[in-house]
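File shown: protein.cif. Contents: mmCIF, C-alpha atoms.
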```cif
data_upload
#
loop_
_atom_site.label_atom_id
_atom_site.label_comp_id
_atom_site.auth_asym_id
_atom_site.auth_seq_id
_atom_site.Cartn_x
_atom_site.Cartn_y
_atom_site.Cartn_z
CA MET G 236 0.00 0.00 0.00
CA ASN G 237 1.48 3.37 -0.90
CA ARG G 238 1.55 6.36 1.47
CA PHE G 239 -1.63 7.88 0.04
CA ALA G 240 -3.55 4.65 0.36
CA TRP G 241 -2.28 4.20 3.90
CA CYS G 242 -3.46 7.70 4.86
CA ALA G 243 -6.80 7.13 3.18
CA ALA G 244 -7.24 3.92 5.12
CA VAL G 245 -6.45 5.71 8.35
CA VAL G 246 -8.97 8.46 7.58
CA SER G 247 -11.56 5.80 6.82
CA ALA G 248 -10.83 4.12 10.10
CA CYS G 249 -11.25 7.42 11.94
CA ILE G 250 -14.59 8.03 10.33
CA ALA G 251 -15.61 4.54 11.31
CA GLY G 252 -14.69 5.28 14.89
CA ALA G 253 -11.41 3.37 15.09
CA PRO G 254 -8.59 4.82 17.20
CA VAL G 255 -6.20 7.28 15.55
CA PRO G 256 -2.56 6.20 15.08
CA THR G 257 -0.15 8.16 17.26
CA SER G 258 3.55 8.41 17.73
CA ALA G 259 4.81 6.78 20.89
CA HIS G 260 6.90 8.51 23.54
CA GLY G 261 10.48 9.35 22.73
CA PHE G 262 10.49 8.17 19.12
CA ALA G 263 12.14 9.85 16.13
CA GLY G 264 11.76 7.49 13.20
CA LYS G 265 13.25 4.16 14.24
CA ARG G 266 14.95 5.64 17.29
CA PHE G 267 13.52 5.16 20.75
CA PHE G 268 15.05 7.62 23.20
CA PRO G 269 14.73 6.27 26.74
CA ALA G 270 14.05 8.49 29.74
CA THR G 271 17.34 9.57 31.29
CA LEU G 272 17.81 10.16 35.03
CA ALA G 273 20.28 13.00 35.51
CA THR G 274 19.57 15.02 32.36
CA ASP G 275 16.25 16.12 30.90
CA ASP G 276 14.65 14.22 28.01
CA PRO G 277 14.42 16.01 24.65
CA PHE G 278 10.89 14.84 23.87
CA VAL G 279 7.37 15.59 25.06
CA SER G 280 5.50 12.65 26.51
CA ASP G 281 3.03 11.27 29.01
CA GLU G 282 5.19 9.67 31.65
CA LEU G 283 5.67 9.23 35.35
CA SER G 284 8.88 8.63 37.28
CA LEU G 285 7.95 7.22 40.68
CA PRO G 286 10.26 7.13 42.43
CA THR G 287 13.70 8.37 41.51
CA ILE G 288 16.03 7.74 44.44
CA THR G 289 19.42 9.43 44.62
CA HIS G 290 22.03 8.84 47.31
CA GLN G 291 25.18 10.91 47.53
CA ARG G 292 27.73 11.99 50.14
CA PHE G 293 29.12 15.50 50.45
CA GLY G 294 32.34 16.37 52.31
CA ALA G 295 32.71 18.89 55.13
CA SER G 296 33.07 22.53 54.09
CA ASP G 297 32.99 26.06 55.57
CA GLU G 298 29.22 25.82 55.38
CA GLY G 299 28.82 22.68 57.46
CA PRO G 300 29.84 19.13 58.30
CA ALA G 301 29.95 16.20 55.89
CA VAL G 302 26.47 14.98 55.05
CA ARG G 303 24.82 11.99 53.40
CA GLU G 304 21.84 13.00 51.29
CA THR G 305 19.08 10.75 50.00
CA ASP G 306 16.42 12.20 47.69
CA PHE G 307 13.07 10.64 46.78
CA SER G 308 11.55 12.31 43.72
CA VAL G 309 8.35 12.10 41.75
CA ASP G 310 8.27 13.55 38.26
CA MET G 311 5.27 13.57 35.95
CA SER G 312 4.83 15.07 32.50
CA LYS G 313 1.65 15.37 30.47
CA ARG G 314 1.11 16.20 26.82
CA ILE G 315 -1.35 19.00 26.13
CA THR G 316 -0.90 18.58 22.37
CA GLU G 317 1.28 16.13 20.44
CA ARG G 318 4.16 18.62 20.66
CA PHE G 319 3.53 20.60 23.85
CA GLY G 320 3.62 19.26 27.37
CA ILE G 321 3.81 20.35 30.99
CA GLY G 322 5.59 18.77 33.94
CA PHE G 323 5.68 18.61 37.73
CA ASP G 324 8.55 17.61 39.96
CA ALA G 325 8.75 17.23 43.74
CA THR G 326 11.61 15.89 45.86
CA TYR G 327 11.66 14.74 49.47
CA LYS G 328 15.16 15.14 50.92
CA ARG G 329 16.71 13.35 53.85
CA LEU G 330 19.98 14.78 55.18
CA ARG G 331 22.16 12.90 57.64
CA PRO G 332 25.10 15.07 58.74
CA ASP G 333 28.11 13.57 60.51
CA GLU G 334 27.49 16.09 63.30
CA GLY G 335 24.14 17.47 64.35
CA ASP G 336 20.54 16.45 63.85
CA ARG G 337 19.11 14.70 60.84
CA GLN G 338 16.88 16.84 58.68
CA SER G 339 14.20 15.90 56.21
CA GLY G 340 11.56 17.69 54.19
CA TRP G 341 10.37 18.70 50.76
CA ASP G 342 12.52 20.66 48.38
CA ASN G 343 10.90 23.36 46.27
CA VAL G 344 8.29 22.16 43.80
CA ALA G 345 9.16 22.68 40.13
CA LEU G 346 6.81 23.18 37.19
CA SER G 347 7.91 22.97 33.58
CA ALA G 348 6.69 23.36 30.02
CA LYS G 349 8.27 22.00 26.84
CA TYR G 350 7.59 22.33 23.13
CA GLN G 351 9.04 19.75 20.72
CA TRP G 352 9.42 21.92 17.65
CA PHE G 353 11.67 19.76 15.45
CA THR G 354 11.53 16.04 14.72
CA ASP G 355 13.46 14.46 11.84
CA ALA G 356 12.56 10.79 11.51
CA ALA G 357 15.15 10.00 8.81
CA HIS G 358 18.01 11.40 10.87
CA GLU G 359 16.57 10.37 14.24
CA ALA G 360 16.73 13.92 15.54
CA ILE G 361 14.63 15.84 18.06
CA VAL G 362 14.94 19.44 19.30
CA SER G 363 12.76 20.96 22.01
CA ALA G 364 12.62 24.20 23.93
CA GLY G 365 11.29 24.55 27.43
CA VAL G 366 11.28 26.40 30.69
CA ASP G 367 11.48 25.20 34.29
CA TRP G 368 10.13 27.17 37.26
CA ASP G 369 11.54 26.23 40.65
CA ILE G 370 8.96 27.80 42.96
CA GLY G 371 10.72 29.63 45.77
CA GLY G 372 9.40 29.11 49.27
CA SER G 373 7.36 26.03 48.37
CA GLY G 374 9.81 23.72 50.12
CA SER G 375 11.31 23.40 53.58
CA LYS G 376 14.23 25.60 54.70
CA ARG G 377 15.41 22.73 56.89
CA VAL G 378 16.66 20.93 53.80
CA GLY G 379 17.95 24.03 52.07
CA ALA G 380 14.97 24.92 49.86
CA GLU G 381 15.53 28.43 48.54
CA SER G 382 13.13 31.21 49.47
CA PHE G 383 13.38 32.66 45.97
CA SER G 384 12.34 31.21 42.62
CA THR G 385 14.60 30.21 39.75
CA ILE G 386 13.51 30.32 36.12
CA THR G 387 15.48 28.14 33.69
CA PRO G 388 14.83 28.35 29.95
CA ALA G 389 16.61 25.59 28.06
CA ILE G 390 16.93 23.79 24.77
CA PHE G 391 16.96 20.01 24.54
CA PHE G 392 18.21 17.77 21.76
CA GLY G 393 18.40 14.12 20.79
CA LYS G 394 20.27 12.53 17.90
CA GLY G 395 20.54 8.89 16.93
CA PHE G 396 23.30 7.65 14.68
CA GLY G 397 21.20 5.28 12.60
CA ASP G 398 22.15 7.27 9.49
CA LEU G 399 25.82 6.28 9.68
CA PRO G 400 27.17 4.47 6.58
CA ALA G 401 26.99 0.69 6.34
CA ASP G 402 30.67 0.18 7.17
CA MET G 403 30.01 1.84 10.54
CA SER G 404 26.78 -0.04 11.15
CA MET G 405 27.76 -1.28 14.63
CA LEU G 406 27.82 2.38 15.75
CA ARG G 407 24.26 2.98 14.56
CA PRO G 408 22.76 1.99 17.95
CA LEU G 409 24.55 5.01 19.49
CA ALA G 410 22.57 8.11 20.38
CA VAL G 411 23.19 11.31 22.29
CA THR G 412 20.70 13.48 24.13
CA GLY G 413 21.39 16.67 26.02
CA SER G 414 20.28 20.05 27.24
CA LEU G 415 21.63 23.56 27.64
CA GLY G 416 19.98 26.20 29.79
CA VAL G 417 20.63 29.16 32.05
CA ALA G 418 19.11 29.38 35.54
CA PHE G 419 17.96 32.89 36.45
CA PRO G 420 17.40 33.34 40.20
CA THR G 421 14.77 35.93 41.05
CA ARG G 422 16.97 37.27 43.83
CA ALA G 423 20.61 38.36 43.41
CA SER G 424 21.67 37.68 46.98
CA THR G 425 20.41 36.74 50.42
CA THR G 426 21.62 38.48 53.56
CA THR G 427 21.52 36.62 56.86
CA ILE G 428 22.43 37.72 60.39
CA ASP G 429 23.68 35.09 62.82
CA ASP G 430 23.15 34.94 66.60
CA ASP G 431 26.21 37.16 67.17
CA GLY G 432 24.77 39.85 64.94
CA GLU G 433 27.25 39.21 62.14
CA GLU G 434 25.93 39.77 58.66
CA SER G 435 26.73 37.46 55.76
CA VAL G 436 25.74 37.75 52.13
CA ASP G 437 25.05 34.70 49.96
CA ARG G 438 25.16 35.64 46.28
CA HIS G 439 23.03 33.76 43.76
CA PRO G 440 24.68 33.66 40.34
CA HIS G 441 23.16 32.90 36.99
CA VAL G 442 24.10 29.29 36.30
CA LEU G 443 24.71 27.55 33.01
CA GLN G 444 23.11 24.12 33.26
CA TRP G 445 24.44 21.72 30.69
CA GLY G 446 24.44 18.00 30.31
CA PHE G 447 24.32 15.16 27.86
CA ALA G 448 23.85 11.40 27.75
CA LEU G 449 25.54 8.85 25.51
CA GLU G 450 23.47 5.72 24.90
CA TYR G 451 24.05 2.42 23.11
CA SER G 452 20.74 0.71 22.41
CA ILE G 453 20.77 -3.09 22.42
CA PRO G 454 17.14 -3.12 21.11
CA TYR G 455 18.22 -0.95 18.18
CA LEU G 456 21.18 -3.25 17.49
CA GLN G 457 18.97 -6.33 17.48
CA SER G 458 16.04 -4.91 15.48
CA TYR G 459 17.78 -2.77 12.85
CA VAL G 460 21.48 -3.64 12.57
CA LYS G 461 22.28 -7.23 13.49
CA ASP G 462 20.45 -9.81 15.50
CA MET G 463 23.18 -10.98 17.90
CA GLY G 464 20.88 -13.51 19.54
CA ILE G 465 20.86 -11.56 22.81
CA GLY G 466 17.95 -12.79 24.91
CA GLU G 467 15.83 -11.47 27.77
CA PRO G 468 16.41 -9.35 29.75
CA PHE G 469 19.58 -8.08 28.07
CA ASN G 470 17.90 -7.45 24.70
CA ARG G 471 16.06 -4.46 26.20
CA MET G 472 19.03 -2.88 27.94
CA ILE G 473 20.56 0.47 27.02
CA PRO G 474 23.97 1.18 28.57
CA VAL G 475 24.31 4.91 29.20
CA VAL G 476 26.73 7.51 30.54
CA GLU G 477 25.23 10.80 31.64
CA PHE G 478 27.08 14.06 32.32
CA ALA G 479 25.10 16.59 34.41
CA LEU G 480 27.02 19.82 34.99
CA GLU G 481 26.52 23.39 36.26
CA THR G 482 28.75 26.42 35.72
CA PRO G 483 28.12 29.68 37.60
CA LEU G 484 28.36 32.65 35.24
CA ASP G 485 28.61 35.69 37.52
CA ARG G 486 28.31 37.03 41.10
CA GLY G 487 31.51 35.51 42.37
CA ARG G 488 31.63 32.69 39.83
CA GLY G 489 32.36 29.36 41.51
CA ALA G 490 33.80 26.26 39.93
CA THR G 491 31.86 23.98 37.62
CA THR G 492 30.15 21.22 39.56
CA GLY G 493 28.31 18.11 38.52
CA THR G 494 28.40 14.37 38.20
CA ILE G 495 29.20 11.66 35.67
CA ASN G 496 26.67 8.84 35.80
CA PRO G 497 27.41 5.52 34.10
CA GLY G 498 24.60 3.01 34.26
CA VAL G 499 22.08 0.91 32.45
CA LEU G 500 18.43 1.45 31.48
CA TRP G 501 16.02 -1.44 30.92
CA ALA G 502 13.09 -0.37 28.77
CA GLY G 503 10.08 -2.67 28.80
CA GLN G 504 6.77 -2.17 27.05
CA TYR G 505 5.18 -0.16 29.85
CA THR G 506 7.92 0.60 32.34
CA GLN G 507 11.58 1.43 32.47
CA VAL G 508 13.96 0.52 35.29
CA SER G 509 17.25 2.39 35.54
CA VAL G 510 20.31 2.29 37.78
CA GLU G 511 23.29 4.61 37.59
CA ALA G 512 26.40 5.37 39.63
CA VAL G 513 26.87 9.03 40.62
CA ILE G 514 30.51 10.11 40.35
CA PRO G 515 31.23 13.72 41.39
CA VAL G 516 33.52 15.64 39.02
CA ASN G 517 35.27 17.43 41.94
CA ASP G 518 35.18 17.84 45.73
CA ARG G 519 32.55 20.57 45.49
CA SER G 520 30.21 18.12 43.71
CA GLY G 521 30.31 15.36 46.29
CA LYS G 522 32.55 12.83 47.96
CA GLY G 523 32.79 9.23 46.87
CA VAL G 524 30.53 7.37 44.50
CA GLY G 525 26.79 7.61 45.02
CA TRP G 526 23.95 5.98 43.14
CA MET G 527 20.55 6.66 41.68
CA ALA G 528 17.70 4.41 40.61
CA GLN G 529 14.39 5.03 38.92
CA LEU G 530 11.12 3.28 38.16
CA HIS G 531 9.49 4.94 35.18
CA PHE G 532 6.03 4.43 33.66
CA PHE G 533 5.10 5.04 30.01
CA LEU G 534 1.61 6.44 30.57
CA ASP G 535 0.84 6.55 26.84
CA ASP G 536 1.23 2.78 26.71
CA LEU G 537 -0.47 2.05 30.02
CA PHE G 538 -3.45 4.31 29.33
CA PRO G 539 -3.57 4.85 25.56
CA THR G 540 -7.21 5.91 25.51
CA SER G 541 -7.35 8.12 28.61
CA ILE G 542 -4.61 9.95 30.55
CA GLY G 543 -1.90 8.63 28.25
CA ARG G 544 -2.87 10.70 25.22
CA PRO G 545 -2.68 14.45 24.53
CA LEU G 546 -5.55 16.54 25.88
CA VAL G 547 -5.89 18.26 22.50
CA ARG G 548 -5.41 16.16 19.38
CA ASN G 549 -5.09 17.25 15.78
CA MET R 143 1.85 5.80 50.01
CA ARG R 144 4.22 5.58 47.06
CA ALA R 145 3.67 1.84 46.76
CA PHE R 146 -0.07 2.40 46.94
CA ALA R 147 0.07 4.90 44.08
CA VAL R 148 2.01 2.49 41.88
CA ALA R 149 -0.31 -0.38 42.74
CA SER R 150 -3.31 1.81 41.93
CA LEU R 151 -1.86 2.74 38.58
CA LEU R 152 -1.34 -0.87 37.62
CA ALA R 153 -4.65 -2.02 39.02
CA VAL R 154 -6.75 0.35 36.93
CA ALA R 155 -4.72 -0.07 33.76
CA PRO R 156 -6.67 -1.29 30.74
CA PRO R 157 -5.61 -4.44 28.86
CA LEU R 158 -1.92 -3.81 28.30
CA TRP R 159 -0.84 -3.01 24.77
CA ALA R 160 2.11 -0.96 23.58
CA HIS R 161 4.15 0.07 20.59
CA ALA R 162 5.41 -2.87 18.58
CA PHE R 163 9.14 -3.62 18.56
CA LEU R 164 10.60 -6.07 16.06
CA ASP R 165 11.52 -9.07 18.18
CA ARG R 166 12.81 -11.49 15.55
CA ALA R 167 12.98 -11.78 11.77
CA MET R 168 13.53 -14.60 9.30
CA PRO R 169 16.02 -14.14 7.67
CA ALA R 170 17.53 -12.63 10.80
CA VAL R 171 18.41 -8.94 10.99
CA GLY R 172 21.86 -8.37 9.46
CA SER R 173 22.32 -12.05 8.62
CA THR R 174 23.80 -13.79 5.58
CA VAL R 175 21.87 -16.78 4.27
CA ARG R 176 23.02 -19.31 1.71
CA ASP R 177 19.61 -20.21 0.32
CA PRO R 178 17.29 -17.41 -0.84
CA PRO R 179 14.14 -17.27 1.31
CA ALA R 180 10.67 -17.65 -0.18
CA ARG R 181 9.18 -15.35 2.47
CA VAL R 182 10.39 -12.73 4.90
CA THR R 183 8.74 -13.12 8.28
CA LEU R 184 8.73 -10.51 11.05
CA ARG R 185 7.70 -11.21 14.63
CA PHE R 186 6.77 -8.17 16.73
CA SER R 187 6.42 -7.67 20.46
CA GLU R 188 2.74 -6.70 20.12
CA ARG R 189 -0.32 -7.65 18.11
CA LEU R 190 -0.78 -5.68 14.90
CA GLU R 191 -3.66 -4.04 13.09
CA PRO R 192 -3.62 -5.99 9.78
CA ALA R 193 -5.01 -3.15 7.62
CA PHE R 194 -2.24 -0.73 8.61
CA SER R 195 0.78 -3.03 8.91
CA LYS R 196 2.95 -3.45 5.82
CA ALA R 197 6.38 -4.66 4.75
CA GLN R 198 8.42 -4.35 1.58
CA VAL R 199 11.63 -6.02 0.39
CA LEU R 200 14.01 -4.03 -1.83
CA ASP R 201 17.14 -5.05 -3.70
CA ALA R 202 20.40 -3.08 -3.66
CA SER R 203 19.14 -0.72 -6.36
CA GLY R 204 15.91 0.01 -4.49
CA ARG R 205 13.62 -2.12 -6.68
CA ARG R 206 10.89 -4.05 -4.92
CA VAL R 207 11.40 -7.80 -4.98
CA ASP R 208 8.43 -8.77 -2.84
CA ASN R 209 5.04 -9.78 -4.23
CA ASP R 210 3.11 -6.97 -2.51
CA ASP R 211 1.20 -9.49 -0.43
CA ALA R 212 2.30 -8.59 3.11
CA SER R 213 -0.18 -9.89 5.63
CA VAL R 214 -0.58 -10.44 9.33
CA SER R 215 -0.83 -14.09 10.31
CA GLY R 216 -4.29 -15.34 11.13
CA ASP R 217 -2.83 -17.57 13.83
CA ASP R 218 -0.60 -15.00 15.48
CA ALA R 219 -1.42 -11.31 15.10
CA ALA R 220 2.15 -10.37 16.09
CA VAL R 221 3.58 -11.95 12.92
CA LEU R 222 3.79 -10.12 9.59
CA SER R 223 5.17 -11.76 6.47
CA VAL R 224 5.59 -11.09 2.78
CA SER R 225 6.56 -13.44 -0.05
CA VAL R 226 9.50 -12.60 -2.30
CA ARG R 227 10.51 -13.48 -5.84
CA ALA R 228 13.50 -15.69 -6.55
CA LEU R 229 16.35 -13.71 -5.05
CA PRO R 230 19.78 -13.83 -6.69
CA PRO R 231 22.83 -13.32 -4.46
CA GLY R 232 22.93 -9.76 -3.11
CA VAL R 233 22.01 -7.44 -0.27
CA TYR R 234 18.31 -6.86 0.43
CA THR R 235 16.53 -4.34 2.62
CA VAL R 236 13.29 -5.05 4.48
CA LYS R 237 11.20 -2.00 5.31
CA TRP R 238 8.23 -2.23 7.64
CA ARG R 239 5.66 0.08 9.11
CA VAL R 240 3.16 -1.32 11.56
CA LEU R 241 0.31 -0.19 13.74
CA SER R 242 -0.02 -1.97 17.05
CA VAL R 243 -3.48 -2.54 18.44
CA ASP R 244 -3.07 0.35 20.87
CA THR R 245 -2.73 2.73 17.85
CA HIS R 246 1.03 3.35 18.11
CA VAL R 247 2.87 3.42 14.79
CA THR R 248 6.41 2.10 14.59
CA GLU R 249 8.61 1.67 11.56
CA GLY R 250 12.01 0.34 10.70
CA ASP R 251 14.25 -1.40 8.24
CA PHE R 252 17.09 -3.88 8.20
CA ALA R 253 19.28 -5.67 5.70
CA PHE R 254 20.08 -9.30 4.99
CA THR R 255 22.39 -10.86 2.44
CA VAL R 256 21.81 -13.82 0.13
CA ALA R 257 25.22 -15.40 -0.47
CA GLY R 258 24.12 -18.17 -2.82
CA ARG R 259 25.69 -21.59 -3.17
#
```
Kindly return the structure encoded in the file as structure tokens.
Amino acid sequence: MNRFAWCAAVVSACIAGAPVPTSAHGFAGKRFFPATLATDDPFVSDELSLPTITHQRFGASDEGPAVRETDFSVDMSKRITERFGIGFDATYKRLRPDEGDRQSGWDNVALSAKYQWFTDAAHEAIVSAGVDWDIGGSGSKRVGAESFSTITPAIFFGKGFGDLPADMSMLRPLAVTGSLGVAFPTRASTTTIDDDGEESVDRHPHVLQWGFALEYSIPYLQSYVKDMGIGEPFNRMIPVVEFALETPLDRGRGATTGTINPGVLWAGQYTQVSVEAVIPVNDRSGKGVGWMAQLHFFLDDLFPTSIGRPLVRN
Amino acid sequence: MRAFAVASLLAVAPPLWAHAFLDRAMPAVGSTVRDPPARVTLRFSERLEPAFSKAQVLDASGRRVDNDDASVSGDDAAVLSVSVRALPPGVYTVKWRVLSVDTHVTEGDFAFTVAGR
């Protein structure tokens, strides 16, 4: 059946009341981009991460003793149209300092919006633009939630290498996703006065947030390049290395901080399970190797006729 | 609470369908076969809508060498196959585009080689 006939058949099916074909989450042509943990996804989708657990240790500094931090996050995104979606993120933090009392509470809630404005199926490419609003004062000061908001516009991209020439076919399962944004705090500095009446000023710089993820898809290898006979559960695994970094741009510019996260994602039909190590890039980013894990639900597959589809459809 | 939310999600989920991945093919993806196949058979991870699920086989110059009779198996709705003409030694490309029963479209292609005897 040619393309016209296929479209005509689909239109006929719609008229007859059959469901309308849709693109699934994270696809650009043949490429399935999995949900990454430390860096934002480049696509718009209906999905739920519940929970994402991150454990990391931070060394002692002028600001306080060494502390072990465990975060429990929930992150949900919802398509309004096929290309536009909104998101919600909340994190419960548990801090266990080497000295002093344990602290726990909610970090600031974050809302986000994203528009996927470019999708190239042949070249397995996606580009999106979005904005994240970290709502100041919505979290607990006990765990360091800021009293001011931060607005972060960003661009997101994804590119699969399925268009490499045949003599490089074993590299076709590779893909890269990433993001680049600048965080704008709504307050330039915070002044605090301690019990002795001494005043200190904490400056809040604009921060370049940048990160990317390198992925090698075993499902892509098996389905499109060469069937290596890899069986369950390994045939659905995607080894990944994520780089999540932040660079202050002004107001006393500190060093770049961030983590390198090697791990593996297992993408099933309805869920994804992911585990990554968290390796700080320097002492300011953490101490020792932490870890993160995520259980992720593809809502468009779980609920294709209700909450898993865009609210407004073409 | 978190466990309850997850359990609730799964409990109220409708019959579970999802986008169709190519699980296996005959001839296998990227393989070299000595004898030319009479059919190319594709097994997907999900059941397919027969009216909107198609496959083509092309030779190295892009000419179709299948008989334009791709069909979903009556016994197993996850299997799509198409018959091919007598294939001389060469590299062939299988292109497919399928609609799973939950309305998700997936597409793909892969190559296999007929080496001949």
* Find the residues near R:Leu190: any atom within 10 Å, counting only C-alpha atoms, skip ones fewer than 4 places away on the same chain, and give them as a list in words. =>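 Residues meeting the cut-off are His161, Ala162, Phe186, Phe194, Ser195, Val214, Ser215, Asp218, Ala219, Ala220, Val221, Leu222, Val240, Leu241, Ser242, Val243, Asp244, Thr245, His246 and Val247 of chain R.
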* **Residue list for chain R near chain G as a list in words, 6 Å, all atoms listed in the file** => Ala160, Leu164, Val171, Gly172, Thr245, His246, Val247, Glu249, Gly250, Asp251 and Phe252 of chain R
Residues from the last selection, C-alpha atoms, saved as a PDB file, in the frame of the given file:
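And here is the file that came out, again_29.pdb:
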```
ATOM      1  CA  ALA R 160       2.110  -0.960  23.580  1.00  0.00           C
ATOM      2  CA  LEU R 164      10.600  -6.070  16.060  1.00  0.00           C
ATOM      3  CA  VAL R 171      18.410  -8.940  10.990  1.00  0.00           C
ATOM      4  CA  GLY R 172      21.860  -8.370   9.460  1.00  0.00           C
ATOM      5  CA  THR R 245      -2.730   2.730  17.850  1.00  0.00           C
ATOM      6  CA  HIS R 246       1.030   3.350  18.110  1.00  0.00           C
ATOM      7  CA  VAL R 247       2.870   3.420  14.790  1.00  0.00           C
ATOM      8  CA  GLU R 249       8.610   1.670  11.560  1.00  0.00           C
ATOM      9  CA  GLY R 250      12.010   0.340  10.700  1.00  0.00           C
ATOM     10  CA  ASP R 251      14.250  -1.400   8.240  1.00  0.00           C
ATOM     11  CA  PHE R 252      17.090  -3.880   8.200  1.00  0.00           C
TER      12      PHE R 252
END
```
* Give as a list in words every residue, naming chains and numbers as the document does, that has an atom within 9 Å of (25.1, 9.9, 30.7), counting all atoms listed in the file. =>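 These residues have at least one counted atom within 9 Å: Thr271, Leu272, Ala273, Thr274, Val411, Thr412, Gly446, Phe447, Ala448, Leu449, Glu450, Val475, Val476, Glu477, Phe478, Ala479, Ile495, Asn496, Pro497, Gly498 and Glu511 of chain G.
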Output the selection as a PDB file, keeping the file's coordinate frame - C-alpha atoms for each residue.
```
ATOM      1  CA  THR G 271      17.340   9.570  31.290  1.00  0.00           C
ATOM      2  CA  LEU G 272      17.810  10.160  35.030  1.00  0.00           C
ATOM      3  CA  ALA G 273      20.280  13.000  35.510  1.00  0.00           C
ATOM      4  CA  THR G 274      19.570  15.020  32.360  1.00  0.00           C
ATOM      5  CA  VAL G 411      23.190  11.310  22.290  1.00  0.00           C
ATOM      6  CA  THR G 412      20.700  13.480  24.130  1.00  0.00           C
ATOM      7  CA  GLY G 446      24.440  18.000  30.310  1.00  0.00           C
ATOM      8  CA  PHE G 447      24.320  15.160  27.860  1.00  0.00           C
ATOM      9  CA  ALA G 448      23.850  11.400  27.750  1.00  0.00           C
ATOM     10  CA  LEU G 449      25.540   8.850  25.510  1.00  0.00           C
ATOM     11  CA  GLU G 450      23.470   5.720  24.900  1.00  0.00           C
ATOM     12  CA  VAL G 475      24.310   4.910  29.200  1.00  0.00           C
ATOM     13  CA  VAL G 476      26.730   7.510  30.540  1.00  0.00           C
ATOM     14  CA  GLU G 477      25.230  10.800  31.640  1.00  0.00           C
ATOM     15  CA  PHE G 478      27.080  14.060  32.320  1.00  0.00           C
ATOM     16  CA  ALA G 479      25.100  16.590  34.410  1.00  0.00           C
ATOM     17  CA  ILE G 495      29.200  11.660  35.670  1.00  0.00           C
ATOM     18  CA  ASN G 496      26.670   8.840  35.800  1.00  0.00           C
ATOM     19  CA  PRO G 497      27.410   5.520  34.100  1.00  0.00           C
ATOM     20  CA  GLY G 498      24.600   3.010  34.260  1.00  0.00           C
ATOM     21  CA  GLU G 511      23.290   4.610  37.590  1.00  0.00           C
TER      22      GLU G 511
END
```
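Picture a line from atom CA of R:Val207 to atom CA of R:Ser225; it runs 8.9 Å.
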* Report the residues retrieved by the PyMOL selection byres ((chain G and resi 347) around 12) from the displayed file, expressed as JSON, numbers by chain. => {"G": [275, 279, 310, 311, 312, 313, 314, 319, 320, 321, 322, 323, 324, 325, 344, 345, 346, 348, 349, 350, 364, 365, 366, 367, 368, 369, 370, 385, 386, 387, 388, 389]}
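The residues returned by the PyMOL selection byres ((chain R and resi 257) around 12) for this structure are Ser173, Thr174, Val175, Arg176, Asp177, Pro178, Pro179, Leu229, Pro230, Pro231, Gly232, Val233, Tyr234, Phe254, Thr255, Val256, Gly258 and Arg259 of chain R.
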With C-alpha atoms retained, export the selected residues as a short mmCIF file (atom, residue, chain, number, x, y, z; two decimals), keeping the file's coordinate frame.
```cif
data_model
loop_
_atom_site.label_atom_id
_atom_site.label_comp_id
_atom_site.auth_asym_id
_atom_site.auth_seq_id
_atom_site.Cartn_x
_atom_site.Cartn_y
_atom_site.Cartn_z
CA SER R 173 22.32 -12.05 8.62
CA THR R 174 23.80 -13.79 5.58
CA VAL R 175 21.87 -16.78 4.27
CA ARG R 176 23.02 -19.31 1.71
CA ASP R 177 19.61 -20.21 0.32
CA PRO R 178 17.29 -17.41 -0.84
CA PRO R 179 14.14 -17.27 1.31
CA LEU R 229 16.35 -13.71 -5.05
CA PRO R 230 19.78 -13.83 -6.69
CA PRO R 231 22.83 -13.32 -4.46
CA GLY R 232 22.93 -9.76 -3.11
CA VAL R 233 22.01 -7.44 -0.27
CA TYR R 234 18.31 -6.86 0.43
CA PHE R 254 20.08 -9.30 4.99
CA THR R 255 22.39 -10.86 2.44
CA VAL R 256 21.81 -13.82 0.13
CA GLY R 258 24.12 -18.17 -2.82
CA ARG R 259 25.69 -21.59 -3.17
#
```
* To do: Identify, on the basis of only C-alpha atoms, every residue whose closest approach to G:His290 does not exceed 7 Å; exclude the query and any residue fewer than 6 positions from it along the same chain; express the result as a list of chain:residue names.
  => G:Glu304, G:Thr305, G:Asp306, G:Gly525, G:Trp526, G:Met527
